[in-house]
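Q: Got a structure here, written out as structure tokens. Questions coming.
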Amino acid sequence: MERIERAARRIGRDPSEVTLVAVSKTVESARIKEAIEAGVSILGENYVQEAQKKIEEIGRSIAWHFIGHLQSNKAKYAVSLFDMIHSLDSISLAGELNRRAEKEGLTMNAMIEVNLSGETTKFGTEEEKAFDIARRVLNFNHLTLVGLMTMPPYFDDPELSRPYYIRLRELKEKMIKEGIPLRELSMGMSNDFEVAIEEGATYVRVGTAIFGERKK
Ligand SMILES: *Cc1c(COP(=O)(O)O)cnc(C)c1O
């Protein structure tokens, strides 16, 4: 958290603009509780079932964000478990989330995951399709689009992530110009979150730098 603050101040951003999502996939509840005591207030999870168990054990005094690939058939669980979805990647998933949120009588916040590298191993939608999803979501009453998310290929050198983060910021600006209101950029992980903050990240998703290496 200190490193987030320093990175923000270095380029003249208010550190309160950057929110830490502590990525707790594969991490056990006892260790997550320690992190909460140390000040973590948002947890990021990749798998619905794993998160469900932890939410039962840990509770909702903190927020839970979903950052993994969400299958439409899990949307009904996701809307009641999570406070935010970072990984909206298709119109059909958007429709399903909206329908399920309406049934539950709530409104879900979501970001569109954009695949900027074209890597087929990565989830997320292409830039063009991101516009289609965004326009569709504008018509939904139970799904609110708040921003964009991306995950670049892994590089040892964090500077190599920078072009992807610049592109996501530019895509957000382009969407705003076309009347799609967006605030958030979810970008930056353990090895490159400082670069992401320099390029405008409002959420950084940090796992190993908080919890240590994950068990495979
Ligand atoms: C696992 C994961 C992270 C965290 O990665 P670290 O390198 O451990 O910080 C961030 N975002 C997504 C989408 C992830 O799956």
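Going by the structure tokens order, chains are called A, B, ..., each with residues numbered from 1, while ligands are numbered from 1 in the order shown.
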Would you kindly return, as a ChimeraX atom specification, each protein, DNA or RNA residue with an atom no farther than 10 Å from any atom of A:Tyr165, considering only C-alpha atoms and excluding same-chain residues fewer than 2 positions away?

A: /A:116,149-152,160-163,167-171,185-188,195-201

Q: Determine which residues of stretch 44-110 of chain A receive a DSSP assignment of helix (DSSP H, G or I), computed from the backbone, and state them as a PDB file with all heavy atoms, in the first residue's frame.

A:
```pdb
ATOM      1  N   VAL A  48     -15.774 -18.809  -8.850  1.00  0.00           N
ATOM      2  CA  VAL A  48     -17.004 -18.567  -8.097  1.00  0.00           C
ATOM      3  C   VAL A  48     -17.099 -19.483  -6.877  1.00  0.00           C
ATOM      4  O   VAL A  48     -17.369 -19.026  -5.764  1.00  0.00           O
ATOM      5  CB  VAL A  48     -18.244 -18.728  -9.011  1.00  0.00           C
ATOM      6  CG1 VAL A  48     -19.525 -18.685  -8.197  1.00  0.00           C
ATOM      7  CG2 VAL A  48     -18.250 -17.638 -10.075  1.00  0.00           C
ATOM      8  N   GLN A  49     -16.848 -20.782  -7.095  1.00  0.00           N
ATOM      9  CA  GLN A  49     -17.023 -21.730  -5.986  1.00  0.00           C
ATOM     10  C   GLN A  49     -16.053 -21.484  -4.844  1.00  0.00           C
ATOM     11  O   GLN A  49     -16.415 -21.519  -3.675  1.00  0.00           O
ATOM     12  CB  GLN A  49     -16.836 -23.155  -6.503  1.00  0.00           C
ATOM     13  CG  GLN A  49     -18.155 -23.874  -6.644  1.00  0.00           C
ATOM     14  CD  GLN A  49     -17.948 -25.289  -7.133  1.00  0.00           C
ATOM     15  OE1 GLN A  49     -17.068 -25.541  -7.966  1.00  0.00           O
ATOM     16  NE2 GLN A  49     -18.747 -26.198  -6.621  1.00  0.00           N
ATOM     17  N   GLU A  50     -14.794 -21.223  -5.228  1.00  0.00           N
ATOM     18  CA  GLU A  50     -13.767 -20.940  -4.215  1.00  0.00           C
ATOM     19  C   GLU A  50     -14.148 -19.689  -3.421  1.00  0.00           C
ATOM     20  O   GLU A  50     -14.032 -19.644  -2.196  1.00  0.00           O
ATOM     21  CB  GLU A  50     -12.420 -20.739  -4.916  1.00  0.00           C
ATOM     22  CG  GLU A  50     -11.271 -20.488  -3.972  1.00  0.00           C
ATOM     23  CD  GLU A  50      -9.951 -20.199  -4.715  1.00  0.00           C
ATOM     24  OE1 GLU A  50      -9.805 -20.577  -5.907  1.00  0.00           O
ATOM     25  OE2 GLU A  50      -9.072 -19.579  -4.085  1.00  0.00           O
ATOM     26  N   ALA A  51     -14.632 -18.685  -4.132  1.00  0.00           N
ATOM     27  CA  ALA A  51     -14.996 -17.429  -3.462  1.00  0.00           C
ATOM     28  C   ALA A  51     -16.185 -17.635  -2.538  1.00  0.00           C
ATOM     29  O   ALA A  51     -16.221 -17.098  -1.426  1.00  0.00           O
ATOM     30  CB  ALA A  51     -15.310 -16.370  -4.508  1.00  0.00           C
ATOM     31  N   GLN A  52     -17.137 -18.431  -2.981  1.00  0.00           N
ATOM     32  CA  GLN A  52     -18.346 -18.661  -2.182  1.00  0.00           C
ATOM     33  C   GLN A  52     -17.993 -19.228  -0.807  1.00  0.00           C
ATOM     34  O   GLN A  52     -18.489 -18.766   0.216  1.00  0.00           O
ATOM     35  CB  GLN A  52     -19.244 -19.639  -2.932  1.00  0.00           C
ATOM     36  CG  GLN A  52     -20.597 -19.836  -2.298  1.00  0.00           C
ATOM     37  CD  GLN A  52     -21.590 -20.446  -3.282  1.00  0.00           C
ATOM     38  OE1 GLN A  52     -21.185 -21.142  -4.219  1.00  0.00           O
ATOM     39  NE2 GLN A  52     -22.855 -20.182  -3.094  1.00  0.00           N
ATOM     40  N   LYS A  53     -17.096 -20.189  -0.815  1.00  0.00           N
ATOM     41  CA  LYS A  53     -16.663 -20.814   0.445  1.00  0.00           C
ATOM     42  C   LYS A  53     -16.002 -19.762   1.345  1.00  0.00           C
ATOM     43  O   LYS A  53     -16.276 -19.669   2.533  1.00  0.00           O
ATOM     44  CB  LYS A  53     -15.690 -21.944   0.100  1.00  0.00           C
ATOM     45  CG  LYS A  53     -15.119 -22.669   1.274  1.00  0.00           C
ATOM     46  CD  LYS A  53     -14.407 -23.955   0.794  1.00  0.00           C
ATOM     47  CE  LYS A  53     -13.457 -24.496   1.860  1.00  0.00           C
ATOM     48  NZ  LYS A  53     -12.159 -23.792   1.916  1.00  0.00           N
ATOM     49  N   LYS A  54     -15.121 -18.963   0.760  1.00  0.00           N
ATOM     50  CA  LYS A  54     -14.401 -17.962   1.560  1.00  0.00           C
ATOM     51  C   LYS A  54     -15.343 -16.865   2.075  1.00  0.00           C
ATOM     52  O   LYS A  54     -15.180 -16.380   3.190  1.00  0.00           O
ATOM     53  CB  LYS A  54     -13.293 -17.321   0.724  1.00  0.00           C
ATOM     54  CG  LYS A  54     -12.153 -18.272   0.427  1.00  0.00           C
ATOM     55  CD  LYS A  54     -11.145 -17.581  -0.474  1.00  0.00           C
ATOM     56  CE  LYS A  54     -10.077 -18.542  -0.928  1.00  0.00           C
ATOM     57  NZ  LYS A  54      -9.187 -17.917  -1.928  1.00  0.00           N
ATOM     58  N   ILE A  55     -16.304 -16.503   1.247  1.00  0.00           N
ATOM     59  CA  ILE A  55     -17.228 -15.453   1.677  1.00  0.00           C
ATOM     60  C   ILE A  55     -18.044 -15.951   2.867  1.00  0.00           C
ATOM     61  O   ILE A  55     -18.311 -15.211   3.810  1.00  0.00           O
ATOM     62  CB  ILE A  55     -18.116 -14.984   0.500  1.00  0.00           C
ATOM     63  CG1 ILE A  55     -17.243 -14.279  -0.548  1.00  0.00           C
ATOM     64  CG2 ILE A  55     -19.224 -14.036   0.986  1.00  0.00           C
ATOM     65  CD1 ILE A  55     -17.945 -13.982  -1.872  1.00  0.00           C
ATOM     66  N   GLU A  56     -18.389 -17.241   2.837  1.00  0.00           N
ATOM     67  CA  GLU A  56     -19.088 -17.812   4.001  1.00  0.00           C
ATOM     68  C   GLU A  56     -18.200 -17.762   5.231  1.00  0.00           C
ATOM     69  O   GLU A  56     -18.662 -17.485   6.337  1.00  0.00           O
ATOM     70  CB  GLU A  56     -19.499 -19.267   3.719  1.00  0.00           C
ATOM     71  CG  GLU A  56     -20.785 -19.367   2.917  1.00  0.00           C
ATOM     72  CD  GLU A  56     -20.990 -20.767   2.337  1.00  0.00           C
ATOM     73  OE1 GLU A  56     -20.377 -21.735   2.846  1.00  0.00           O
ATOM     74  OE2 GLU A  56     -21.767 -20.876   1.359  1.00  0.00           O
ATOM     75  N   GLU A  57     -16.906 -18.025   5.049  1.00  0.00           N
ATOM     76  CA  GLU A  57     -15.996 -18.084   6.208  1.00  0.00           C
ATOM     77  C   GLU A  57     -15.598 -16.694   6.719  1.00  0.00           C
ATOM     78  O   GLU A  57     -15.361 -16.505   7.900  1.00  0.00           O
ATOM     79  CB  GLU A  57     -14.723 -18.858   5.823  1.00  0.00           C
ATOM     80  CG  GLU A  57     -14.978 -20.346   5.646  1.00  0.00           C
ATOM     81  CD  GLU A  57     -13.809 -21.080   4.985  1.00  0.00           C
ATOM     82  OE1 GLU A  57     -12.797 -20.431   4.633  1.00  0.00           O
ATOM     83  OE2 GLU A  57     -13.925 -22.291   4.806  1.00  0.00           O
ATOM     84  N   ILE A  58     -15.491 -15.757   5.794  1.00  0.00           N
ATOM     85  CA  ILE A  58     -14.905 -14.456   6.149  1.00  0.00           C
ATOM     86  C   ILE A  58     -15.958 -13.365   6.284  1.00  0.00           C
ATOM     87  O   ILE A  58     -15.816 -12.452   7.097  1.00  0.00           O
ATOM     88  CB  ILE A  58     -13.837 -14.061   5.097  1.00  0.00           C
ATOM     89  CG1 ILE A  58     -12.682 -15.068   5.133  1.00  0.00           C
ATOM     90  CG2 ILE A  58     -13.327 -12.640   5.332  1.00  0.00           C
ATOM     91  CD1 ILE A  58     -11.724 -14.957   3.975  1.00  0.00           C
ATOM     92  N   SER A  72     -21.525 -17.824 -18.212  1.00  0.00           N
ATOM     93  CA  SER A  72     -22.899 -17.322 -18.050  1.00  0.00           C
ATOM     94  C   SER A  72     -23.700 -18.126 -17.041  1.00  0.00           C
ATOM     95  O   SER A  72     -24.513 -17.576 -16.312  1.00  0.00           O
ATOM     96  CB  SER A  72     -23.616 -17.335 -19.403  1.00  0.00           C
ATOM     97  OG  SER A  72     -23.098 -16.309 -20.214  1.00  0.00           O
ATOM     98  N   ASN A  73     -23.432 -19.431 -16.991  1.00  0.00           N
ATOM     99  CA  ASN A  73     -24.238 -20.241 -16.055  1.00  0.00           C
ATOM    100  C   ASN A  73     -23.876 -19.995 -14.586  1.00  0.00           C
ATOM    101  O   ASN A  73     -24.530 -20.505 -13.688  1.00  0.00           O
ATOM    102  CB  ASN A  73     -24.166 -21.736 -16.407  1.00  0.00           C
ATOM    103  CG  ASN A  73     -22.758 -22.297 -16.308  1.00  0.00           C
ATOM    104  OD1 ASN A  73     -21.832 -21.606 -15.854  1.00  0.00           O
ATOM    105  ND2 ASN A  73     -22.579 -23.528 -16.744  1.00  0.00           N
ATOM    106  N   LYS A  74     -22.824 -19.223 -14.338  1.00  0.00           N
ATOM    107  CA  LYS A  74     -22.475 -18.860 -12.955  1.00  0.00           C
ATOM    108  C   LYS A  74     -22.928 -17.438 -12.609  1.00  0.00           C
ATOM    109  O   LYS A  74     -22.735 -16.974 -11.488  1.00  0.00           O
ATOM    110  CB  LYS A  74     -20.953 -18.954 -12.748  1.00  0.00           C
ATOM    111  CG  LYS A  74     -20.348 -20.328 -13.009  1.00  0.00           C
ATOM    112  CD  LYS A  74     -20.327 -21.155 -11.730  1.00  0.00           C
ATOM    113  CE  LYS A  74     -19.900 -22.593 -11.962  1.00  0.00           C
ATOM    114  NZ  LYS A  74     -18.486 -22.727 -12.306  1.00  0.00           N
ATOM    115  N   ALA A  75     -23.534 -16.774 -13.590  1.00  0.00           N
ATOM    116  CA  ALA A  75     -23.896 -15.363 -13.381  1.00  0.00           C
ATOM    117  C   ALA A  75     -24.846 -15.206 -12.195  1.00  0.00           C
ATOM    118  O   ALA A  75     -24.762 -14.250 -11.443  1.00  0.00           O
ATOM    119  CB  ALA A  75     -24.532 -14.789 -14.649  1.00  0.00           C
ATOM    120  N   LYS A  76     -25.733 -16.178 -12.036  1.00  0.00           N
ATOM    121  CA  LYS A  76     -26.724 -16.042 -10.957  1.00  0.00           C
ATOM    122  C   LYS A  76     -26.062 -16.074  -9.597  1.00  0.00           C
ATOM    123  O   LYS A  76     -26.508 -15.397  -8.672  1.00  0.00           O
ATOM    124  CB  LYS A  76     -27.823 -17.089 -11.087  1.00  0.00           C
ATOM    125  CG  LYS A  76     -27.418 -18.517 -10.851  1.00  0.00           C
ATOM    126  CD  LYS A  76     -28.663 -19.393 -10.735  1.00  0.00           C
ATOM    127  CE  LYS A  76     -28.293 -20.832 -10.487  1.00  0.00           C
ATOM    128  NZ  LYS A  76     -28.802 -21.754 -11.471  1.00  0.00           N
ATOM    129  N   TYR A  77     -24.983 -16.851  -9.445  1.00  0.00           N
ATOM    130  CA  TYR A  77     -24.262 -16.843  -8.161  1.00  0.00           C
ATOM    131  C   TYR A  77     -23.449 -15.568  -8.039  1.00  0.00           C
ATOM    132  O   TYR A  77     -23.366 -14.961  -6.984  1.00  0.00           O
ATOM    133  CB  TYR A  77     -23.342 -18.059  -8.038  1.00  0.00           C
ATOM    134  CG  TYR A  77     -24.057 -19.359  -8.273  1.00  0.00           C
ATOM    135  CD1 TYR A  77     -23.871 -20.081  -9.445  1.00  0.00           C
ATOM    136  CD2 TYR A  77     -24.949 -19.849  -7.307  1.00  0.00           C
ATOM    137  CE1 TYR A  77     -24.550 -21.277  -9.664  1.00  0.00           C
ATOM    138  CE2 TYR A  77     -25.631 -21.033  -7.520  1.00  0.00           C
ATOM    139  CZ  TYR A  77     -25.430 -21.746  -8.710  1.00  0.00           C
ATOM    140  OH  TYR A  77     -26.107 -22.906  -8.918  1.00  0.00           O
ATOM    141  N   ALA A  78     -22.852 -15.179  -9.155  1.00  0.00           N
ATOM    142  CA  ALA A  78     -21.940 -14.019  -9.117  1.00  0.00           C
ATOM    143  C   ALA A  78     -22.648 -12.751  -8.657  1.00  0.00           C
ATOM    144  O   ALA A  78     -22.092 -11.979  -7.882  1.00  0.00           O
ATOM    145  CB  ALA A  78     -21.307 -13.815 -10.497  1.00  0.00           C
ATOM    146  N   VAL A  79     -23.885 -12.532  -9.128  1.00  0.00           N
ATOM    147  CA  VAL A  79     -24.541 -11.269  -8.761  1.00  0.00           C
ATOM    148  C   VAL A  79     -24.815 -11.183  -7.261  1.00  0.00           C
ATOM    149  O   VAL A  79     -24.800 -10.096  -6.694  1.00  0.00           O
ATOM    150  CB  VAL A  79     -25.850 -10.995  -9.551  1.00  0.00           C
ATOM    151  CG1 VAL A  79     -25.557 -10.781 -11.012  1.00  0.00           C
ATOM    152  CG2 VAL A  79     -26.881 -12.064  -9.320  1.00  0.00           C
ATOM    153  N   SER A  80     -25.058 -12.329  -6.612  1.00  0.00           N
ATOM    154  CA  SER A  80     -25.310 -12.205  -5.174  1.00  0.00           C
ATOM    155  C   SER A  80     -24.022 -12.279  -4.359  1.00  0.00           C
ATOM    156  O   SER A  80     -24.004 -11.858  -3.206  1.00  0.00           O
ATOM    157  CB  SER A  80     -26.348 -13.230  -4.700  1.00  0.00           C
ATOM    158  OG  SER A  80     -26.145 -14.463  -5.312  1.00  0.00           O
ATOM    159  N   LEU A  81     -22.944 -12.796  -4.948  1.00  0.00           N
ATOM    160  CA  LEU A  81     -21.697 -12.916  -4.170  1.00  0.00           C
ATOM    161  C   LEU A  81     -20.812 -11.679  -4.253  1.00  0.00           C
ATOM    162  O   LEU A  81     -20.139 -11.329  -3.289  1.00  0.00           O
ATOM    163  CB  LEU A  81     -20.887 -14.118  -4.675  1.00  0.00           C
ATOM    164  CG  LEU A  81     -21.405 -15.514  -4.344  1.00  0.00           C
ATOM    165  CD1 LEU A  81     -20.603 -16.565  -5.120  1.00  0.00           C
ATOM    166  CD2 LEU A  81     -21.328 -15.778  -2.846  1.00  0.00           C
ATOM    167  N   ILE A  91     -21.537  -9.855 -24.810  1.00  0.00           N
ATOM    168  CA  ILE A  91     -22.888  -9.314 -24.694  1.00  0.00           C
ATOM    169  C   ILE A  91     -23.797 -10.322 -24.002  1.00  0.00           C
ATOM    170  O   ILE A  91     -24.647  -9.959 -23.182  1.00  0.00           O
ATOM    171  CB  ILE A  91     -23.430  -8.934 -26.096  1.00  0.00           C
ATOM    172  CG1 ILE A  91     -22.712  -7.665 -26.581  1.00  0.00           C
ATOM    173  CG2 ILE A  91     -24.940  -8.704 -26.061  1.00  0.00           C
ATOM    174  CD1 ILE A  91     -23.138  -7.187 -27.954  1.00  0.00           C
ATOM    175  N   SER A  92     -23.592 -11.602 -24.289  1.00  0.00           N
ATOM    176  CA  SER A  92     -24.488 -12.583 -23.674  1.00  0.00           C
ATOM    177  C   SER A  92     -24.285 -12.637 -22.156  1.00  0.00           C
ATOM    178  O   SER A  92     -25.254 -12.752 -21.403  1.00  0.00           O
ATOM    179  CB  SER A  92     -24.319 -13.960 -24.315  1.00  0.00           C
ATOM    180  OG  SER A  92     -23.028 -14.451 -24.084  1.00  0.00           O
ATOM    181  N   LEU A  93     -23.037 -12.524 -21.711  1.00  0.00           N
ATOM    182  CA  LEU A  93     -22.796 -12.500 -20.260  1.00  0.00           C
ATOM    183  C   LEU A  93     -23.418 -11.244 -19.643  1.00  0.00           C
ATOM    184  O   LEU A  93     -24.020 -11.305 -18.560  1.00  0.00           O
ATOM    185  CB  LEU A  93     -21.288 -12.547 -19.961  1.00  0.00           C
ATOM    186  CG  LEU A  93     -20.900 -12.439 -18.484  1.00  0.00           C
ATOM    187  CD1 LEU A  93     -21.495 -13.576 -17.656  1.00  0.00           C
ATOM    188  CD2 LEU A  93     -19.374 -12.417 -18.308  1.00  0.00           C
ATOM    189  N   ALA A  94     -23.299 -10.127 -20.344  1.00  0.00           N
ATOM    190  CA  ALA A  94     -23.894  -8.880 -19.831  1.00  0.00           C
ATOM    191  C   ALA A  94     -25.399  -9.052 -19.654  1.00  0.00           C
ATOM    192  O   ALA A  94     -25.964  -8.683 -18.625  1.00  0.00           O
ATOM    193  CB  ALA A  94     -23.587  -7.721 -20.784  1.00  0.00           C
ATOM    194  N   GLY A  95     -26.041  -9.652 -20.670  1.00  0.00           N
ATOM    195  CA  GLY A  95     -27.482  -9.855 -20.594  1.00  0.00           C
ATOM    196  C   GLY A  95     -27.864 -10.747 -19.431  1.00  0.00           C
ATOM    197  O   GLY A  95     -28.836 -10.490 -18.714  1.00  0.00           O
ATOM    198  N   GLU A  96     -27.080 -11.780 -19.245  1.00  0.00           N
ATOM    199  CA  GLU A  96     -27.365 -12.732 -18.171  1.00  0.00           C
ATOM    200  C   GLU A  96     -27.166 -12.077 -16.795  1.00  0.00           C
ATOM    201  O   GLU A  96     -27.977 -12.266 -15.886  1.00  0.00           O
ATOM    202  CB  GLU A  96     -26.463 -13.961 -18.342  1.00  0.00           C
ATOM    203  CG  GLU A  96     -26.760 -15.118 -17.423  1.00  0.00           C
ATOM    204  CD  GLU A  96     -28.163 -15.718 -17.595  1.00  0.00           C
ATOM    205  OE1 GLU A  96     -28.859 -15.397 -18.587  1.00  0.00           O
ATOM    206  OE2 GLU A  96     -28.567 -16.498 -16.705  1.00  0.00           O
ATOM    207  N   LEU A  97     -26.110 -11.291 -16.652  1.00  0.00           N
ATOM    208  CA  LEU A  97     -25.871 -10.603 -15.371  1.00  0.00           C
ATOM    209  C   LEU A  97     -27.005  -9.623 -15.080  1.00  0.00           C
ATOM    210  O   LEU A  97     -27.492  -9.520 -13.955  1.00  0.00           O
ATOM    211  CB  LEU A  97     -24.530  -9.848 -15.408  1.00  0.00           C
ATOM    212  CG  LEU A  97     -23.266 -10.703 -15.277  1.00  0.00           C
ATOM    213  CD1 LEU A  97     -22.023  -9.861 -15.604  1.00  0.00           C
ATOM    214  CD2 LEU A  97     -23.132 -11.299 -13.874  1.00  0.00           C
ATOM    215  N   ASN A  98     -27.435  -8.900 -16.123  1.00  0.00           N
ATOM    216  CA  ASN A  98     -28.512  -7.935 -15.942  1.00  0.00           C
ATOM    217  C   ASN A  98     -29.798  -8.634 -15.499  1.00  0.00           C
ATOM    218  O   ASN A  98     -30.475  -8.208 -14.574  1.00  0.00           O
ATOM    219  CB  ASN A  98     -28.740  -7.170 -17.247  1.00  0.00           C
ATOM    220  CG  ASN A  98     -29.807  -6.102 -17.095  1.00  0.00           C
ATOM    221  OD1 ASN A  98     -29.654  -5.182 -16.298  1.00  0.00           O
ATOM    222  ND2 ASN A  98     -30.889  -6.239 -17.846  1.00  0.00           N
ATOM    223  N   ARG A  99     -30.098  -9.765 -16.153  1.00  0.00           N
ATOM    224  CA  ARG A  99     -31.313 -10.513 -15.846  1.00  0.00           C
ATOM    225  C   ARG A  99     -31.277 -11.047 -14.413  1.00  0.00           C
ATOM    226  O   ARG A  99     -32.248 -10.932 -13.667  1.00  0.00           O
ATOM    227  CB  ARG A  99     -31.413 -11.679 -16.829  1.00  0.00           C
ATOM    228  CG  ARG A  99     -32.769 -12.319 -16.953  1.00  0.00           C
ATOM    229  CD  ARG A  99     -32.816 -13.207 -18.196  1.00  0.00           C
ATOM    230  NE  ARG A  99     -32.026 -14.436 -18.021  1.00  0.00           N
ATOM    231  CZ  ARG A  99     -32.466 -15.521 -17.384  1.00  0.00           C
ATOM    232  NH1 ARG A  99     -33.679 -15.540 -16.863  1.00  0.00           N
ATOM    233  NH2 ARG A  99     -31.704 -16.592 -17.266  1.00  0.00           N
ATOM    234  N   ARG A 100     -30.139 -11.602 -14.038  1.00  0.00           N
ATOM    235  CA  ARG A 100     -30.010 -12.178 -12.693  1.00  0.00           C
ATOM    236  C   ARG A 100     -30.007 -11.096 -11.623  1.00  0.00           C
ATOM    237  O   ARG A 100     -30.557 -11.284 -10.540  1.00  0.00           O
ATOM    238  CB  ARG A 100     -28.727 -13.003 -12.594  1.00  0.00           C
ATOM    239  CG  ARG A 100     -28.745 -14.228 -13.479  1.00  0.00           C
ATOM    240  CD  ARG A 100     -29.780 -15.213 -12.979  1.00  0.00           C
ATOM    241  NE  ARG A 100     -29.842 -16.405 -13.822  1.00  0.00           N
ATOM    242  CZ  ARG A 100     -30.599 -17.461 -13.553  1.00  0.00           C
ATOM    243  NH1 ARG A 100     -31.363 -17.470 -12.461  1.00  0.00           N
ATOM    244  NH2 ARG A 100     -30.606 -18.495 -14.356  1.00  0.00           N
ATOM    245  N   ALA A 101     -29.391  -9.976 -11.918  1.00  0.00           N
ATOM    246  CA  ALA A 101     -29.367  -8.874 -10.942  1.00  0.00           C
ATOM    247  C   ALA A 101     -30.776  -8.324 -10.740  1.00  0.00           C
ATOM    248  O   ALA A 101     -31.186  -8.022  -9.615  1.00  0.00           O
ATOM    249  CB  ALA A 101     -28.418  -7.773 -11.413  1.00  0.00           C
ATOM    250  N   GLU A 102     -31.514  -8.235 -11.836  1.00  0.00           N
ATOM    251  CA  GLU A 102     -32.900  -7.764 -11.734  1.00  0.00           C
ATOM    252  C   GLU A 102     -33.709  -8.696 -10.830  1.00  0.00           C
ATOM    253  O   GLU A 102     -34.442  -8.257  -9.953  1.00  0.00           O
ATOM    254  CB  GLU A 102     -33.532  -7.683 -13.127  1.00  0.00           C
ATOM    255  CG  GLU A 102     -34.966  -7.178 -13.102  1.00  0.00           C
ATOM    256  CD  GLU A 102     -35.534  -6.915 -14.495  1.00  0.00           C
ATOM    257  OE1 GLU A 102     -34.937  -7.394 -15.493  1.00  0.00           O
ATOM    258  OE2 GLU A 102     -36.563  -6.228 -14.575  1.00  0.00           O
ATOM    259  N   LYS A 103     -33.544  -9.994 -11.028  1.00  0.00           N
ATOM    260  CA  LYS A 103     -34.245 -10.983 -10.202  1.00  0.00           C
ATOM    261  C   LYS A 103     -33.931 -10.826  -8.729  1.00  0.00           C
ATOM    262  O   LYS A 103     -34.782 -11.021  -7.874  1.00  0.00           O
ATOM    263  CB  LYS A 103     -33.836 -12.403 -10.623  1.00  0.00           C
ATOM    264  CG  LYS A 103     -34.804 -13.054 -11.570  1.00  0.00           C
ATOM    265  CD  LYS A 103     -34.529 -14.546 -11.628  1.00  0.00           C
ATOM    266  CE  LYS A 103     -35.563 -15.218 -12.525  1.00  0.00           C
ATOM    267  NZ  LYS A 103     -35.086 -16.516 -13.009  1.00  0.00           N
ATOM    268  N   GLU A 104     -32.659 -10.493  -8.448  1.00  0.00           N
ATOM    269  CA  GLU A 104     -32.225 -10.334  -7.053  1.00  0.00           C
ATOM    270  C   GLU A 104     -32.553  -8.944  -6.517  1.00  0.00           C
ATOM    271  O   GLU A 104     -32.271  -8.644  -5.358  1.00  0.00           O
ATOM    272  CB  GLU A 104     -30.709 -10.560  -6.923  1.00  0.00           C
ATOM    273  CG  GLU A 104     -30.226 -11.950  -7.309  1.00  0.00           C
ATOM    274  CD  GLU A 104     -30.682 -13.020  -6.313  1.00  0.00           C
ATOM    275  OE1 GLU A 104     -30.784 -12.717  -5.109  1.00  0.00           O
ATOM    276  OE2 GLU A 104     -30.961 -14.155  -6.758  1.00  0.00           O
TER     277      GLU A 104
END
```

Q: Would you mind listing the residues within 9 Å of ligand 1, counting only C-alpha atoms and all ligand atoms, as a PyMOL selection string?

A: chain A and resi 21-25+44-46+66-69+86-87+149-151+154+186-193+204-214

Q: Let's have the selection written as a PDB file, in the first residue's frame, with C-alpha atoms.

A:
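What follows is the written file result.pdb:
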```pdb
ATOM      1  CA  VAL A  21      -7.771  -5.202  -4.860  1.00  0.00           C
ATOM      2  CA  ALA A  22      -5.935  -7.951  -2.961  1.00  0.00           C
ATOM      3  CA  VAL A  23      -6.077 -11.017  -5.201  1.00  0.00           C
ATOM      4  CA  SER A  24      -6.665 -13.987  -2.935  1.00  0.00           C
ATOM      5  CA  LYS A  25      -7.144 -16.904  -5.329  1.00  0.00           C
ATOM      6  CA  GLY A  44     -10.325 -10.271  -5.741  1.00  0.00           C
ATOM      7  CA  GLU A  45     -11.296 -13.849  -6.572  1.00  0.00           C
ATOM      8  CA  ASN A  46     -11.108 -15.803  -9.839  1.00  0.00           C
ATOM      9  CA  PHE A  66     -14.720 -11.072  -9.281  1.00  0.00           C
ATOM     10  CA  ILE A  67     -11.699 -10.888 -11.621  1.00  0.00           C
ATOM     11  CA  GLY A  68     -11.685 -14.287 -13.361  1.00  0.00           C
ATOM     12  CA  HIS A  69     -13.464 -15.590 -16.429  1.00  0.00           C
ATOM     13  CA  HIS A  86     -13.910  -6.835 -13.550  1.00  0.00           C
ATOM     14  CA  SER A  87     -14.190  -9.341 -16.356  1.00  0.00           C
ATOM     15  CA  MET A 149      -9.917  -3.913 -17.301  1.00  0.00           C
ATOM     16  CA  THR A 150      -6.949  -5.497 -19.031  1.00  0.00           C
ATOM     17  CA  MET A 151      -4.273  -8.076 -18.397  1.00  0.00           C
ATOM     18  CA  TYR A 154       3.521 -11.436 -18.554  1.00  0.00           C
ATOM     19  CA  SER A 186      -8.500  -1.906 -13.570  1.00  0.00           C
ATOM     20  CA  MET A 187      -4.906  -2.578 -14.552  1.00  0.00           C
ATOM     21  CA  GLY A 188      -1.631  -3.537 -12.931  1.00  0.00           C
ATOM     22  CA  MET A 189      -0.563  -6.643 -11.033  1.00  0.00           C
ATOM     23  CA  SER A 190       2.262  -7.490  -8.630  1.00  0.00           C
ATOM     24  CA  ASN A 191       5.078  -7.009 -11.101  1.00  0.00           C
ATOM     25  CA  ASP A 192       3.851  -3.886 -12.875  1.00  0.00           C
ATOM     26  CA  PHE A 193       1.257  -2.020 -10.795  1.00  0.00           C
ATOM     27  CA  VAL A 204      -4.687  -2.424  -9.147  1.00  0.00           C
ATOM     28  CA  ARG A 205      -5.086  -6.176  -8.691  1.00  0.00           C
ATOM     29  CA  VAL A 206      -2.211  -7.441  -6.576  1.00  0.00           C
ATOM     30  CA  GLY A 207      -1.801 -11.048  -5.429  1.00  0.00           C
ATOM     31  CA  THR A 208       1.718 -12.393  -4.946  1.00  0.00           C
ATOM     32  CA  ALA A 209       3.167  -9.101  -3.702  1.00  0.00           C
ATOM     33  CA  ILE A 210       0.730  -9.355  -0.777  1.00  0.00           C
ATOM     34  CA  PHE A 211       0.257 -13.066  -0.159  1.00  0.00           C
ATOM     35  CA  GLY A 212       3.473 -14.524  -1.591  1.00  0.00           C
ATOM     36  CA  GLU A 213       3.828 -17.068  -4.375  1.00  0.00           C
ATOM     37  CA  ARG A 214       0.721 -19.118  -5.035  1.00  0.00           C
TER      38      ARG A 214
END
```

Q: Residues at most 10 Å from A:Ile62, counting only C-alpha atoms, excluding those fewer than 6 positions away in the same chain, as number ranges by chain?

A: A: 36, 40-43, 55, 83

Q: Pick the closest to A:Val27 from A:Val137, A:Lys215, A:Glu159, A:Glu113: which is it, counting only C-alpha atoms?

A: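 Checking each of A:Val137, A:Lys215, A:Glu159, A:Glu113 against A:Val27, counting only C-alpha atoms, the winner is A:Lys215.
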